[in-house]
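Listing of structure_11.cif, mmCIF, C-alpha atoms and all ligand atoms
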```cif
data_my_file
loop_
_atom_site.label_atom_id
_atom_site.label_comp_id
_atom_site.auth_asym_id
_atom_site.auth_seq_id
_atom_site.Cartn_x
_atom_site.Cartn_y
_atom_site.Cartn_z
CA MET Q 1 0.00 0.00 0.00
CA ALA Q 2 2.96 2.29 0.70
CA ASP Q 3 3.74 2.83 -3.03
CA GLU Q 4 0.17 3.65 -4.05
CA PRO Q 5 -0.97 7.27 -4.36
CA GLU Q 6 -3.06 8.20 -1.35
CA LEU Q 7 -6.48 9.78 -1.42
CA ARG Q 8 -7.57 11.70 1.63
CA ALA Q 9 -10.81 12.74 3.34
CA GLU Q 10 -11.19 14.73 6.54
CA ALA Q 11 -13.93 15.58 9.01
CA ARG Q 12 -14.17 17.47 12.28
CA VAL Q 13 -16.93 15.86 14.34
CA ALA Q 14 -18.24 17.84 17.31
CA MET Q 15 -19.22 15.73 20.33
CA ARG Q 16 -19.61 15.88 24.11
CA ASP Q 17 -16.69 13.61 25.03
CA PRO Q 18 -14.14 13.15 22.21
CA GLY Q 19 -11.66 11.46 24.62
CA ALA Q 20 -14.13 8.66 25.40
CA MET Q 21 -14.89 8.28 21.69
CA LEU Q 22 -11.17 7.99 20.88
CA GLU Q 23 -10.84 5.25 23.54
CA ARG Q 24 -13.82 3.31 22.21
CA LEU Q 25 -12.65 3.48 18.61
CA CYS Q 26 -9.12 2.33 19.55
CA THR Q 27 -10.34 -0.53 21.76
CA HIS Q 28 -12.77 -1.76 19.11
CA PHE Q 29 -10.33 -1.43 16.22
CA ALA Q 30 -7.47 -3.20 18.02
CA GLY Q 31 -9.21 -6.51 17.12
CA HIS Q 32 -9.33 -5.62 13.41
CA GLY Q 33 -6.06 -3.87 12.55
CA THR Q 34 -3.09 -1.96 13.95
CA VAL Q 35 -3.58 0.84 16.47
CA THR Q 36 -0.79 3.31 17.32
CA ARG Q 37 -1.35 5.80 20.16
CA HIS Q 38 0.47 9.01 21.05
CA ASP Q 39 -0.98 11.50 23.58
CA GLY Q 40 -4.35 12.63 22.24
CA ARG Q 41 -3.76 11.04 18.85
CA ALA Q 42 -4.28 7.60 17.38
CA ARG Q 43 -3.66 5.97 14.03
CA LEU Q 44 -5.85 3.03 13.01
CA GLU Q 45 -4.52 1.04 10.07
CA GLY Q 46 -6.34 -1.73 8.23
CA ARG Q 47 -6.58 -3.46 4.86
CA PHE Q 48 -8.32 -0.58 3.12
CA GLY Q 49 -6.47 2.43 4.52
CA ALA Q 50 -5.76 4.38 7.68
CA ALA Q 51 -7.62 6.79 9.94
CA GLU Q 52 -5.77 9.40 12.02
CA LEU Q 53 -7.76 10.57 15.03
CA CYS Q 54 -6.83 13.72 16.94
CA LEU Q 55 -8.52 15.27 19.96
CA ALA Q 56 -9.64 18.87 19.39
CA ASP Q 57 -11.65 21.24 21.56
CA GLY Q 58 -15.07 19.53 21.84
CA ALA Q 59 -14.45 17.55 18.68
CA LEU Q 60 -12.56 14.68 17.10
CA ASP Q 61 -10.54 15.50 13.99
CA ILE Q 62 -10.42 12.57 11.61
CA ALA Q 63 -8.23 12.18 8.52
CA VAL Q 64 -8.68 9.07 6.38
CA THR Q 65 -6.17 7.99 3.73
CA SER Q 66 -6.70 5.16 1.24
CA PRO Q 67 -5.21 4.03 -2.08
CA SER Q 68 -8.46 4.20 -4.10
CA GLU Q 69 -11.83 5.95 -4.18
CA THR Q 70 -13.56 2.69 -3.32
CA HIS Q 71 -11.36 2.04 -0.31
CA LEU Q 72 -11.69 5.65 0.81
CA PHE Q 73 -15.47 5.24 0.70
CA VAL Q 74 -15.27 1.95 2.66
CA VAL Q 75 -13.13 3.47 5.42
CA THR Q 76 -15.06 6.75 5.73
CA SER Q 77 -18.33 4.79 5.74
CA SER Q 78 -17.03 2.45 8.43
CA VAL Q 79 -15.68 5.31 10.57
CA ALA Q 80 -19.06 7.08 10.33
CA GLU Q 81 -20.91 3.84 11.26
CA HIS Q 82 -18.70 3.34 14.33
CA LEU Q 83 -18.94 6.98 15.43
CA HIS Q 84 -22.73 6.73 15.42
CA ALA Q 85 -22.71 3.31 17.10
CA PHE Q 86 -20.45 4.54 19.92
CA ALA Q 87 -22.18 7.94 20.35
CA GLU Q 88 -24.82 6.41 22.67
CA GLY Q 89 -27.67 8.39 21.14
CA GLU Q 90 -25.84 11.73 20.88
CA PRO Q 91 -26.65 13.13 17.42
CA LEU Q 92 -23.41 13.57 15.43
CA ARG Q 93 -22.83 15.32 12.13
CA VAL Q 94 -20.10 13.71 10.03
CA SER Q 95 -19.33 15.71 6.91
CA TRP Q 96 -16.35 14.52 4.85
CA ARG Q 97 -14.19 16.86 2.73
CA GLY Q 98 -11.57 15.62 0.30
CA SER Q 99 -11.07 13.19 -2.57
CA LEU Q 100 -14.53 11.61 -2.55
CA PRO Q 101 -16.37 10.66 -5.76
CA ASP Q 102 -18.51 13.37 -7.41
CA GLN Q 103 -21.21 10.76 -8.12
CA PRO Q 104 -23.50 10.08 -5.20
CA GLY Q 105 -23.99 6.44 -4.18
CA ILE Q 106 -21.82 3.44 -3.35
CA PRO Q 107 -18.80 3.35 -5.69
CA TYR Q 108 -18.63 -0.45 -5.66
CA PHE Q 109 -22.31 -1.05 -6.52
CA ARG Q 110 -23.32 -2.21 -10.01
CA GLU Q 111 -26.67 -3.40 -11.33
CA ALA Q 112 -26.73 -6.60 -13.41
CA VAL Q 113 -29.43 -8.42 -15.35
CA VAL Q 114 -29.82 -12.18 -15.70
CA ARG Q 115 -29.06 -13.17 -19.30
CA ARG Q 116 -29.54 -16.95 -18.94
CA ALA Q 117 -29.17 -19.79 -16.42
CA HIS Q 118 -28.46 -23.50 -16.74
CA ASP Q 119 -27.46 -26.50 -14.60
CA VAL Q 120 -23.72 -27.24 -14.65
CA THR Q 121 -24.26 -30.38 -12.55
CA PRO Q 122 -27.42 -31.66 -10.80
CA ALA Q 123 -26.74 -29.47 -7.75
CA MET Q 124 -24.94 -26.49 -9.29
CA ARG Q 125 -26.71 -23.85 -11.39
CA ARG Q 126 -24.86 -21.22 -13.42
CA VAL Q 127 -26.47 -17.79 -13.60
CA VAL Q 128 -24.99 -15.59 -16.33
CA LEU Q 129 -25.39 -11.88 -15.64
CA ALA Q 130 -25.12 -9.05 -18.14
CA CYS Q 131 -23.26 -6.12 -16.64
CA GLU Q 132 -22.13 -2.98 -18.47
CA ASP Q 133 -19.02 -2.62 -16.32
CA THR Q 134 -17.42 -6.09 -16.17
CA ALA Q 135 -13.98 -4.38 -15.96
CA HIS Q 136 -14.91 -3.25 -12.44
CA PHE Q 137 -14.92 -6.92 -11.32
CA GLU Q 138 -11.60 -7.96 -12.91
CA SER Q 139 -9.48 -7.13 -9.84
CA GLY Q 140 -9.88 -6.53 -6.12
CA GLY Q 141 -11.24 -9.93 -5.12
CA LEU Q 142 -13.13 -12.94 -6.47
CA HIS Q 143 -16.40 -12.45 -4.65
CA VAL Q 144 -19.51 -10.27 -4.71
CA SER Q 145 -22.53 -9.72 -2.53
CA VAL Q 146 -25.54 -10.44 -4.71
CA LEU Q 147 -28.51 -8.27 -3.74
CA ILE Q 148 -31.74 -10.04 -4.61
CA PRO Q 149 -34.86 -7.85 -4.70
CA PRO Q 150 -38.24 -9.12 -3.48
CA PRO Q 151 -39.99 -11.05 -6.28
CA GLY Q 152 -42.33 -8.97 -8.43
CA ARG Q 153 -41.14 -5.62 -7.05
CA GLU Q 154 -39.16 -2.88 -8.72
CA PRO Q 155 -35.75 -3.09 -6.97
CA VAL Q 156 -34.73 -0.33 -4.60
CA TRP Q 157 -30.92 -0.39 -4.33
CA PRO Q 158 -28.84 0.72 -1.35
CA GLY Q 159 -27.50 4.25 -1.42
CA ALA Q 160 -25.03 6.34 0.58
CA GLY Q 161 -25.83 9.09 3.09
CA THR Q 162 -23.93 12.38 3.16
CA ASP Q 163 -21.61 10.83 5.78
CA ASN Q 164 -21.04 7.80 3.46
CA ARG Q 165 -23.00 5.40 5.64
CA VAL Q 166 -24.81 2.82 3.51
CA ILE Q 167 -28.59 3.23 3.52
CA TRP Q 168 -30.36 -0.09 3.01
CA PRO Q 169 -33.93 -0.35 1.67
CA SER Q 170 -36.25 -1.78 4.29
CA GLY Q 171 -39.77 -3.16 4.73
CA ALA Q 172 -41.30 -4.44 1.49
CA ASP Q 173 -38.19 -3.32 -0.42
CA GLU Q 174 -35.74 -5.23 1.78
CA LEU Q 175 -33.09 -7.06 -0.24
CA VAL Q 176 -31.73 -10.55 0.33
CA ARG Q 177 -27.93 -10.43 0.37
CA ARG Q 178 -25.77 -13.49 -0.32
CA VAL Q 179 -22.06 -13.80 -1.10
CA TYR Q 180 -20.99 -15.68 -4.25
CA THR Q 181 -17.86 -16.04 -6.31
CA ILE Q 182 -17.61 -14.66 -9.81
CA ARG Q 183 -16.73 -17.91 -11.58
CA SER Q 184 -15.70 -16.22 -14.83
CA ILE Q 185 -15.82 -12.89 -16.62
CA ASP Q 186 -16.41 -12.44 -20.35
CA PRO Q 187 -15.45 -8.83 -21.11
CA LEU Q 188 -16.45 -9.05 -24.80
CA ARG Q 189 -20.00 -10.18 -24.07
CA ARG Q 190 -20.02 -8.12 -20.87
CA GLU Q 191 -21.05 -11.15 -18.83
CA LEU Q 192 -20.31 -12.47 -15.34
CA ALA Q 193 -21.02 -16.11 -14.43
CA ILE Q 194 -21.99 -17.14 -10.92
CA ASP Q 195 -22.30 -20.84 -9.95
CA VAL Q 196 -24.77 -21.42 -7.15
CA VAL Q 197 -25.16 -24.61 -5.09
CA LEU Q 198 -28.81 -25.74 -5.09
CA HIS Q 199 -28.85 -27.09 -1.55
CA ASP Q 200 -32.32 -26.06 -0.40
CA THR Q 201 -35.27 -23.71 -0.85
CA SER Q 202 -33.13 -21.03 0.81
CA PRO Q 203 -33.08 -17.52 -0.72
CA GLY Q 204 -29.79 -17.92 -2.63
CA SER Q 205 -30.61 -21.38 -4.01
CA SER Q 206 -34.15 -20.29 -4.93
CA TRP Q 207 -32.86 -17.20 -6.73
CA ALA Q 208 -30.58 -19.34 -8.91
CA ARG Q 209 -33.20 -22.05 -9.47
CA ASN Q 210 -35.82 -19.52 -10.61
CA ALA Q 211 -33.51 -17.03 -12.37
CA ARG Q 212 -35.05 -15.84 -15.66
CA ALA Q 213 -33.61 -13.61 -18.40
CA GLY Q 214 -34.34 -10.01 -17.47
CA ASP Q 215 -34.33 -10.47 -13.67
CA ARG Q 216 -32.36 -7.66 -12.04
CA VAL Q 217 -29.86 -8.01 -9.18
CA GLY Q 218 -27.47 -5.65 -7.44
CA LEU Q 219 -23.80 -6.48 -7.00
CA LEU Q 220 -21.61 -5.08 -4.23
CA GLY Q 221 -17.92 -5.76 -4.62
CA PRO Q 222 -15.66 -7.27 -5.69
CA GLY Q 223 -13.99 -8.25 -2.43
CA GLY Q 224 -12.36 -11.05 -0.52
CA GLY Q 225 -8.82 -12.03 0.19
CA ASP Q 226 -6.36 -12.52 -2.62
CA VAL Q 227 -4.40 -15.62 -3.49
CA VAL Q 228 -0.79 -14.53 -3.50
CA PRO Q 229 1.96 -15.68 -5.91
CA ALA Q 230 3.52 -19.03 -4.94
CA ASP Q 231 5.28 -21.96 -6.57
CA TRP Q 232 3.07 -24.61 -4.94
CA TYR Q 233 -0.62 -24.36 -4.03
CA LEU Q 234 -3.05 -26.43 -2.07
CA LEU Q 235 -6.58 -25.43 -3.11
CA CYS Q 236 -9.31 -27.17 -1.18
CA GLY Q 237 -12.97 -26.81 -0.33
CA ASP Q 238 -16.50 -28.07 -0.72
CA GLU Q 239 -18.79 -27.30 -3.64
CA THR Q 240 -19.33 -23.69 -2.50
CA ALA Q 241 -15.59 -23.17 -3.05
CA LEU Q 242 -15.55 -24.97 -6.39
CA PRO Q 243 -16.18 -21.75 -8.38
CA ALA Q 244 -13.34 -19.97 -6.55
CA ILE Q 245 -10.97 -22.93 -6.95
CA ALA Q 246 -11.87 -23.20 -10.65
CA ARG Q 247 -11.16 -19.50 -11.20
CA ILE Q 248 -7.90 -19.59 -9.24
CA ALA Q 249 -6.73 -22.74 -11.10
CA ALA Q 250 -7.62 -21.14 -14.46
CA GLY Q 251 -5.38 -18.17 -13.60
CA LEU Q 252 -2.30 -20.12 -12.44
CA PRO Q 253 0.80 -19.94 -14.65
CA ALA Q 254 2.36 -23.03 -16.23
CA GLU Q 255 5.41 -23.14 -13.96
CA VAL Q 256 3.54 -23.73 -10.68
CA ARG Q 257 2.17 -26.93 -9.14
CA ALA Q 258 -1.19 -27.21 -7.42
CA GLU Q 259 -2.87 -29.94 -5.40
CA ILE Q 260 -6.63 -29.58 -5.48
CA VAL Q 261 -8.97 -31.34 -3.06
CA ILE Q 262 -12.73 -30.86 -3.42
CA GLU Q 263 -15.58 -32.45 -1.48
CA VAL Q 264 -18.83 -32.96 -3.39
CA ALA Q 265 -21.81 -35.28 -2.95
CA ASN Q 266 -20.88 -37.72 -5.69
CA ARG Q 267 -19.26 -38.18 -9.09
CA ALA Q 268 -22.04 -36.32 -10.91
CA GLU Q 269 -20.95 -33.13 -9.12
CA GLN Q 270 -17.37 -33.24 -10.40
CA GLN Q 271 -16.32 -30.63 -12.95
CA GLU Q 272 -13.44 -30.09 -15.34
CA LEU Q 273 -10.94 -27.60 -13.93
CA PRO Q 274 -8.81 -26.30 -16.82
CA SER Q 275 -5.41 -24.88 -15.84
CA GLN Q 276 -2.00 -24.29 -17.39
CA ALA Q 277 -0.38 -25.26 -14.08
CA ALA Q 278 0.56 -28.83 -13.19
CA ILE Q 279 -2.53 -29.71 -11.15
CA GLU Q 280 -3.50 -32.89 -9.37
CA ILE Q 281 -7.16 -33.17 -8.37
CA THR Q 282 -8.64 -35.35 -5.64
CA TRP Q 283 -12.43 -35.57 -5.46
CA LEU Q 284 -13.92 -36.54 -2.11
CA HIS Q 285 -17.45 -38.00 -2.18
CA ARG Q 286 -19.55 -37.64 0.93
CA GLY Q 287 -22.37 -39.74 -0.53
CA ASP Q 288 -25.60 -39.50 1.43
CA ALA Q 289 -24.08 -37.59 4.36
CA PRO Q 290 -25.47 -34.03 4.45
CA ALA Q 291 -23.08 -31.27 3.39
CA GLY Q 292 -21.08 -29.86 6.28
CA THR Q 293 -21.26 -33.01 8.42
CA THR Q 294 -18.11 -34.89 7.42
CA ASP Q 295 -14.44 -34.42 8.27
CA LEU Q 296 -13.35 -35.50 4.79
CA LEU Q 297 -11.67 -32.20 3.96
CA PRO Q 298 -9.64 -31.70 7.16
CA ARG Q 299 -8.55 -35.33 7.02
CA ALA Q 300 -7.47 -34.95 3.40
CA VAL Q 301 -5.47 -31.82 4.26
CA MET Q 302 -3.80 -33.69 7.11
CA GLY Q 303 -2.72 -36.30 4.55
CA VAL Q 304 -1.03 -33.74 2.30
CA ALA Q 305 2.72 -33.34 2.69
CA PRO Q 306 3.70 -29.70 2.12
CA PRO Q 307 6.78 -29.25 -0.06
CA GLU Q 308 10.01 -28.68 1.81
CA GLY Q 309 11.21 -25.13 1.25
CA GLY Q 310 9.83 -23.19 -1.71
CA ASN Q 311 6.96 -20.83 -1.52
CA PRO Q 312 3.64 -22.55 -0.70
CA PHE Q 313 0.15 -21.06 -0.46
CA VAL Q 314 -3.02 -22.73 0.81
CA PHE Q 315 -6.56 -21.64 -0.11
CA ALA Q 316 -9.36 -23.45 1.77
CA SER Q 317 -13.08 -22.60 1.94
CA CYS Q 318 -15.92 -24.73 3.21
CA GLU Q 319 -18.35 -25.12 6.11
CA ARG Q 320 -17.18 -23.40 9.29
CA ALA Q 321 -16.24 -26.44 11.39
CA ALA Q 322 -14.09 -27.93 8.62
CA ALA Q 323 -12.52 -24.52 7.90
CA ARG Q 324 -11.56 -24.15 11.56
CA ALA Q 325 -9.99 -27.63 11.67
CA ILE Q 326 -8.00 -26.92 8.49
CA ARG Q 327 -6.80 -23.52 9.75
CA LYS Q 328 -5.69 -25.07 13.05
CA HIS Q 329 -3.76 -27.80 11.25
CA LEU Q 330 -2.00 -25.36 8.89
CA ARG Q 331 -0.94 -23.12 11.75
CA GLU Q 332 0.01 -25.77 14.28
CA ALA Q 333 1.32 -28.67 12.22
CA TRP Q 334 2.56 -26.89 9.11
CA LYS Q 335 3.53 -23.69 11.01
CA LEU Q 336 2.32 -21.83 7.94
CA PRO Q 337 2.55 -18.04 8.40
CA LYS Q 338 -0.68 -16.03 8.10
CA ASP Q 339 0.28 -14.53 4.77
CA ARG Q 340 0.72 -18.01 3.22
CA HIS Q 341 -2.83 -19.22 3.70
CA LEU Q 342 -6.38 -18.02 3.26
CA VAL Q 343 -8.92 -20.20 5.06
CA ALA Q 344 -12.55 -19.06 5.07
CA ALA Q 345 -15.85 -20.37 6.37
CA TYR Q 346 -18.14 -19.91 3.36
CA TRP Q 347 -21.18 -21.05 5.31
CA ARG Q 348 -22.19 -22.34 8.72
CA ARG Q 349 -24.42 -25.36 9.13
CA GLY Q 350 -27.77 -24.41 10.68
CA HIS Q 351 -27.21 -20.65 10.23
CA ALA Q 352 -28.52 -18.57 7.33
CA ASP Q 353 -26.21 -16.08 5.57
CA SER Q 354 -23.34 -16.87 7.87
CA HIS Q 355 -19.69 -16.77 6.89
CA ASP Q 356 -16.35 -15.20 7.64
CA HIS Q 357 -14.01 -13.63 5.14
CA GLY Q 358 -11.02 -15.76 5.91
CA GLU Q 359 -7.67 -15.31 7.55
C1 LIG E 401 -16.55 -15.39 -0.04
C2 LIG E 401 -17.66 -16.40 -0.31
C3 LIG E 401 -17.82 -16.94 -1.57
C4 LIG E 401 -18.84 -17.87 -1.81
N1 LIG E 401 -19.01 -18.37 -3.07
C5 LIG E 401 -20.03 -19.23 -3.32
C6 LIG E 401 -20.28 -19.70 -4.65
O1 LIG E 401 -19.61 -19.32 -5.61
N2 LIG E 401 -21.32 -20.58 -4.84
C7 LIG E 401 -22.11 -21.00 -3.80
O2 LIG E 401 -23.05 -21.78 -4.04
N3 LIG E 401 -21.89 -20.55 -2.54
C8 LIG E 401 -20.90 -19.68 -2.29
N4 LIG E 401 -20.70 -19.21 -1.02
C9 LIG E 401 -21.54 -19.75 0.07
C10 LIG E 401 -22.90 -19.11 0.14
O3 LIG E 401 -22.78 -17.70 0.32
C11 LIG E 401 -23.66 -19.73 1.34
O4 LIG E 401 -23.81 -21.11 1.12
C12 LIG E 401 -25.00 -19.07 1.57
O5 LIG E 401 -25.42 -19.41 2.88
C13 LIG E 401 -26.07 -19.53 0.59
O6 LIG E 401 -27.26 -18.81 0.86
P1 LIG E 401 -28.68 -19.52 0.86
O7 LIG E 401 -29.67 -18.41 0.80
O8 LIG E 401 -28.71 -20.58 -0.18
O9 LIG E 401 -28.74 -20.24 2.28
P2 LIG E 401 -28.92 -19.53 3.70
O10 LIG E 401 -30.24 -18.83 3.77
O11 LIG E 401 -27.71 -18.71 3.96
O12 LIG E 401 -28.91 -20.78 4.69
C14 LIG E 401 -30.06 -21.60 4.89
C15 LIG E 401 -29.61 -22.93 5.50
O13 LIG E 401 -28.84 -23.64 4.55
C16 LIG E 401 -27.57 -23.99 5.08
N5 LIG E 401 -26.60 -23.88 3.97
C17 LIG E 401 -26.03 -22.76 3.46
N6 LIG E 401 -25.22 -23.09 2.43
C18 LIG E 401 -25.27 -24.43 2.31
C19 LIG E 401 -24.66 -25.35 1.43
N7 LIG E 401 -23.83 -24.99 0.44
N8 LIG E 401 -24.94 -26.68 1.58
C20 LIG E 401 -25.79 -27.11 2.55
N9 LIG E 401 -26.40 -26.27 3.42
C21 LIG E 401 -26.14 -24.95 3.29
C22 LIG E 401 -27.32 -23.00 6.20
O14 LIG E 401 -26.47 -23.57 7.18
C23 LIG E 401 -28.71 -22.75 6.73
O15 LIG E 401 -29.06 -23.75 7.66
C24 LIG E 401 -19.71 -18.27 -0.77
C25 LIG E 401 -19.54 -17.70 0.51
C26 LIG E 401 -18.52 -16.78 0.73
C27 LIG E 401 -18.36 -16.18 2.10
#
```
Spit out the file's structure as structure tokens when you get a sec.
Ligand SMILES: Cc1cc2nc3c(=O)[nH]c(=O)nc-3n(C[C@H](O)[C@H](O)[C@H](O)COP(=O)(O)OP(=O)(O)OC[C@H]3O[C@@H](n4cnc5c(N)ncnc54)[C@H](O)[C@@H]3O)c2cc1C
Amino acid sequence: MADEPELRAEARVAMRDPGAMLERLCTHFAGHGTVTRHDGRARLEGRFGAAELCLADGALDIAVTSPSETHLFVVTSSVAEHLHAFAEGEPLRVSWRGSLPDQPGIPYFREAVVRRAHDVTPAMRRVVLACEDTAHFESGGLHVSVLIPPPGREPVWPGAGTDNRVIWPSGADELVRRVYTIRSIDPLRRELAIDVVLHDTSPGSSWARNARAGDRVGLLGPGGGDVVPADWYLLCGDETALPAIARIAAGLPAEVRAEIVIEVANRAEQQELPSQAAIEITWLHRGDAPAGTTDLLPRAVMGVAPPEGGNPFVFASCERAAARAIRKHLREAWKLPKDRHLVAAYWRRGHADSHDHGE
């Protein structure tokens, strides 16, 4: 981030007790990034930028720096959210000045329209979306939040307040929000493909099952952790990670090696995974066991011997319990540093819309 040009936004926010607010922000943020304190000042640094906080007379001065307009929006929006959450009912006015977009709205929102949908396997349906700005999704992460409007209603999309907080439609206009991977991007046709597991009559599965040409959705993103350059990869996960693994494998250069381990229900759920890299694929079949109830994936990872030396990277995404077991093994047995693996819970058995973004 150090080499990137920095964009900056500032605000002076008047409040009764700026010292208490500074404390609360630092305590909360310590669990999410790096906090540096000096007298009445603090610097909070995270993935998307930094916020400098400075006590003033009856106010907190805030200066946010980020490498892009999108990140600057994310950080200013988050700072505003936290200020209001910690204000304990005191009305605050947060008014940002600086390098913010001229266009109102959320800079990482795009509308897309279903062009077609078909089954890739019995339990995986591909929804192809037409989107004017596919270039926006080429970098910055593999995943998007798909915003699904209520059936039969004109969609009302989220917007941004003057303090950059996101304003979500509510009541009859409330959107369903689910995270999916962009499986592939076709810039010439201006299409994005999303592969959805048909596991239930849940909102995400039902959207994919019933998707018809012309249906509109909102997309927030892209986001998610990045797979970093390596000379050997272990890519593993269940069927929810199959789209991500397929996209990562398709982007690997010829000189690297990758072991791929994927759990699916049975042979009919296997897919071709084209790649220039030297890949070796192991398919694990859980048969009649419900998804998220086996330890097939952690056991398979425990059976993999990491290469000695070199530059390995592990990507693993699946149900939360398996993700936790895999993360523990990589850290304790492999002693793999944090920047050499990305392990994420893509879903949690028994919980709707539940995931973490990986670490
Ligand atoms: C970064 C990221 C990328 C993802 N990419 C994809 C992707 O490309 N394709 C994809 O299909 N999913 C993907 N997922 C997972 C997907 O977001 C979740 O499975 C989500 O819960 C599905 O929403 P739903 O409305 O179908 O079910 P929900 O309403 O969220 O859940 C309803 C019930 O179904 C269970 N459930 C959820 N998912 C599954 C499942 N796969 N199998 C069995 N039971 C389940 C829940 O535990 C809950 O009990 C991704 C998740 C993340 C975080």
Counting all atoms listed in the file, find residues at most 9 Å from (-22.2, 11.2, 22.6) (file frame) and give them as an NGL selection string. :Q and (15-18 or 20-21 or 83-84 or 86-92)
Give as a ChimeraX atom specification the residues surrounding ligand LIG 401 (chain E) up to a distance of 8 Å, considering all atoms listed in the file. /Q:124,142-144,178-183,194-206,223-224,239-244,290-292,319,344-357
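If you measure from each of Q:Leu220, Q:Leu252, Q:Ala59, Q:Ala321 to Gly105 of chain Q using all atoms listed in the file, the closest one turns out to be Q:Leu220.
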Could you check the closest approach to Ser317 of chain Q for each of Q:Ala30, Q:Val176, Q:Cys236, Q:Val227 and tell me which residue wins, using only C-alpha atoms? Q:Cys236
Here is a test: counting only C-alpha atoms, which residue of Q:Ile279, Q:Gly58, Q:Ala230, Q:Pro222 is nearest to Gly140 of chain Q? Q:Pro222
